[in-house]
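Accompanying notes for the structure given below.
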Amino acid sequence: MAVDSTCPNVVVYGVYNSGKSSLLNSLTNHFTDEFFQTREVPETRENKHFEYQGIRYIDTPGLDVNTQDTQAANQGAVQADIILLVHRLSAGSLQQPDLEAMTAISRAHTKPESIFVVLTEAETADENQAVIAEITRQLRQAIAPEISPYLVANPVFCKGMREDKPALVKFSGIPALKAQLQKTTGQMAPELAAEREKKTQAMVTELLAAVAEQQTLIQARLAIEEAKERQHKAVFVERIKAFQQALQTQLNDIESV
């Protein structure tokens with residue numbers, strides 16, 4: 001999927017069953033019919049996108065399903081102008097693999113202000129205050145000191161929209177998240193192309209550095225193997241010489257008898 005040069009890309013990134021697709025349905029107002037399918041088995045097997053109100057929202061496969069899905073998710077994250085890192089409250093605090101994945105993608109993305117952490121199942125926030133506090137601590141330590149998660153309740157949002165209950169819609173946290181996304185994408189719009197080019201160049205530089213590092217390692221290994229081969233050859237030659245000398249000595253002894 002090519003990157004749109006004019007429309008900011010918001011990529012949703014996280015483990016399977018964290019609420020990514022439900023969140024995207026809420027953000028794109030698909031509260032009666034799902035565009036981003038939610039299922040009990042992994043539904044998103046490739047990056048899927050939908051443009052809404054000047055933003056291209058991109059869903060990615062769950063990180064913990066298989067290697068192919070994780071690679072597709074990482075490819076989607078590369079296209080991101082904004083990243084939504086999604087985690088569900090009922091899963092508890094961030095496990096080390098999840099935290100490492102979030103940290104890696106946020107570092108590659110470089111700008112903390114364009115990284116949003118979204119905790120789904122906000123309807124259970126009262127009973128999960130300790131979990132929220134621990135996740136916030138983990139994020140601030142691993143990603144950025146000023147980062148704070150957004151709490152959203154996707155079922156509450158959909159119910160509020162279907163039944164025309166503004167209080168439920170507001171409680172869901174979706175309007176606040178939408179407003180901040182609109183504000184952030186609006187601020188980045190004038191420099192979007194330049195920032196993408198800068199990011200691309202940084203990735204190219206990083207890739208070239210990685211290639212150079214691998215070449216150095218390969219050359220070092222080759223040098224070691226060549227040194228071993230020379231050493232083995234030298235030992236072999238010395239042994240041949242010793243054998244020849246011993247043989248000549250025996251021949252001399254025979255001739256002298």
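For the structure tokens, the naming scheme is as follows: chains receive sequential letters (A, B, ...) according to their order of presentation, residues are indexed from 1 within each chain, and ligands are indexed from 1 in presentation order.
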
| request: Pick out the residues sitting within 8 Å of Glu121 of chain A, and hand them over as a PyMOL selection string; count only C-alpha atoms, and ignore anything fewer than 4 positions along from it in its own chain. | output: chain A and resi 88-90+125+151-154

All residues 10 Å or closer to segment 171-176 of chain A, only C-alpha atoms, same chain fewer than 5 positions away omitted, as a PDB file with N, CA and C atoms, in the first residue's frame:
```pdb
ATOM      1  N   LEU A  23     -11.595   0.055  17.903  1.00  0.00           N
ATOM      2  CA  LEU A  23     -11.203   1.459  18.033  1.00  0.00           C
ATOM      3  C   LEU A  23     -11.311   2.171  16.694  1.00  0.00           C
ATOM      4  N   SER A  26     -14.818   2.942  15.757  1.00  0.00           N
ATOM      5  CA  SER A  26     -15.314   4.102  16.513  1.00  0.00           C
ATOM      6  C   SER A  26     -14.782   5.397  15.925  1.00  0.00           C
ATOM      7  N   LEU A  27     -13.487   5.433  15.610  1.00  0.00           N
ATOM      8  CA  LEU A  27     -12.859   6.655  15.103  1.00  0.00           C
ATOM      9  C   LEU A  27     -13.393   7.040  13.725  1.00  0.00           C
ATOM     10  N   THR A 120      -8.029   0.383  25.852  1.00  0.00           N
ATOM     11  CA  THR A 120      -9.435   0.068  25.622  1.00  0.00           C
ATOM     12  C   THR A 120     -10.055  -0.511  26.894  1.00  0.00           C
ATOM     13  N   GLU A 121     -11.385  -0.660  26.884  1.00  0.00           N
ATOM     14  CA  GLU A 121     -12.167  -1.140  28.030  1.00  0.00           C
ATOM     15  C   GLU A 121     -12.180  -0.106  29.165  1.00  0.00           C
ATOM     16  N   ALA A 122     -12.315   1.170  28.804  1.00  0.00           N
ATOM     17  CA  ALA A 122     -12.348   2.234  29.807  1.00  0.00           C
ATOM     18  C   ALA A 122     -13.558   2.113  30.731  1.00  0.00           C
ATOM     19  N   GLU A 123     -14.566   1.342  30.324  1.00  0.00           N
ATOM     20  CA  GLU A 123     -15.728   1.143  31.195  1.00  0.00           C
ATOM     21  C   GLU A 123     -15.347   0.406  32.483  1.00  0.00           C
ATOM     22  N   TYR A 150      -4.709   7.389  26.606  1.00  0.00           N
ATOM     23  CA  TYR A 150      -6.109   7.749  26.408  1.00  0.00           C
ATOM     24  C   TYR A 150      -6.953   6.527  26.737  1.00  0.00           C
ATOM     25  N   LEU A 151      -7.997   6.721  27.517  1.00  0.00           N
ATOM     26  CA  LEU A 151      -8.897   5.623  27.869  1.00  0.00           C
ATOM     27  C   LEU A 151     -10.142   5.716  27.001  1.00  0.00           C
ATOM     28  N   VAL A 152     -10.485   4.614  26.331  1.00  0.00           N
ATOM     29  CA  VAL A 152     -11.663   4.609  25.465  1.00  0.00           C
ATOM     30  C   VAL A 152     -12.511   3.378  25.751  1.00  0.00           C
ATOM     31  N   ALA A 153     -13.810   3.542  25.541  1.00  0.00           N
ATOM     32  CA  ALA A 153     -14.770   2.445  25.700  1.00  0.00           C
ATOM     33  C   ALA A 153     -15.556   2.342  24.402  1.00  0.00           C
ATOM     34  N   ASN A 154     -15.105   1.486  23.504  1.00  0.00           N
ATOM     35  CA  ASN A 154     -15.721   1.388  22.180  1.00  0.00           C
ATOM     36  C   ASN A 154     -17.183   0.936  22.214  1.00  0.00           C
ATOM     37  N   PRO A 155     -17.562  -0.076  23.005  1.00  0.00           N
ATOM     38  CA  PRO A 155     -18.982  -0.464  23.050  1.00  0.00           C
ATOM     39  C   PRO A 155     -19.871   0.668  23.564  1.00  0.00           C
ATOM     40  N   VAL A 156     -19.365   1.441  24.525  1.00  0.00           N
ATOM     41  CA  VAL A 156     -20.138   2.571  25.062  1.00  0.00           C
ATOM     42  C   VAL A 156     -20.339   3.628  23.984  1.00  0.00           C
ATOM     43  N   PHE A 157     -19.305   3.901  23.206  1.00  0.00           N
ATOM     44  CA  PHE A 157     -19.415   4.871  22.116  1.00  0.00           C
ATOM     45  C   PHE A 157     -20.472   4.437  21.111  1.00  0.00           C
ATOM     46  N   CYS A 158     -20.385   3.183  20.684  1.00  0.00           N
ATOM     47  CA  CYS A 158     -21.336   2.695  19.678  1.00  0.00           C
ATOM     48  C   CYS A 158     -22.768   2.740  20.212  1.00  0.00           C
ATOM     49  N   LYS A 159     -22.952   2.367  21.466  1.00  0.00           N
ATOM     50  CA  LYS A 159     -24.281   2.409  22.069  1.00  0.00           C
ATOM     51  C   LYS A 159     -24.797   3.843  22.130  1.00  0.00           C
ATOM     52  N   GLY A 160     -23.916   4.765  22.530  1.00  0.00           N
ATOM     53  CA  GLY A 160     -24.314   6.165  22.607  1.00  0.00           C
ATOM     54  C   GLY A 160     -24.697   6.743  21.263  1.00  0.00           C
ATOM     55  N   PRO A 166     -25.654  11.521  24.017  1.00  0.00           N
ATOM     56  CA  PRO A 166     -24.386  12.261  24.028  1.00  0.00           C
ATOM     57  C   PRO A 166     -23.531  11.991  25.270  1.00  0.00           C
ATOM     58  N   LEU A 181      -6.453  13.910  17.760  1.00  0.00           N
ATOM     59  CA  LEU A 181      -5.904  13.447  16.488  1.00  0.00           C
ATOM     60  C   LEU A 181      -6.067  14.506  15.408  1.00  0.00           C
ATOM     61  N   GLN A 182      -7.242  15.138  15.363  1.00  0.00           N
ATOM     62  CA  GLN A 182      -7.470  16.201  14.386  1.00  0.00           C
ATOM     63  C   GLN A 182      -6.508  17.365  14.625  1.00  0.00           C
TER      64      GLN A 182
END
```

| note | With distances taken over only C-alpha atoms, the candidate from A:Ala193, A:Thr216, A:Val169, A:Leu177 nearest Phe31 of chain A is A:Val169

| message | as an NGL selection string, please: every residue in segment 56-204 of chain A that a backbone DSSP assignment puts in helix (DSSP H, G or I). | response | :A and (67-78 or 89-91 or 96-109 or 112-114 or 122-142 or 154-162 or 166-171 or 174-204)

| message | DSSP on the backbone, strand (DSSP E or B) only: what residues of segment 117-246 of chain A does that give? Format it as a list of chain:residue names. | response |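 In segment 117-246 of chain A, DSSP puts these residues in strand (DSSP E or B): A:Val117, A:Val118, A:Leu119, A:Thr120, A:Tyr150, A:Leu151.
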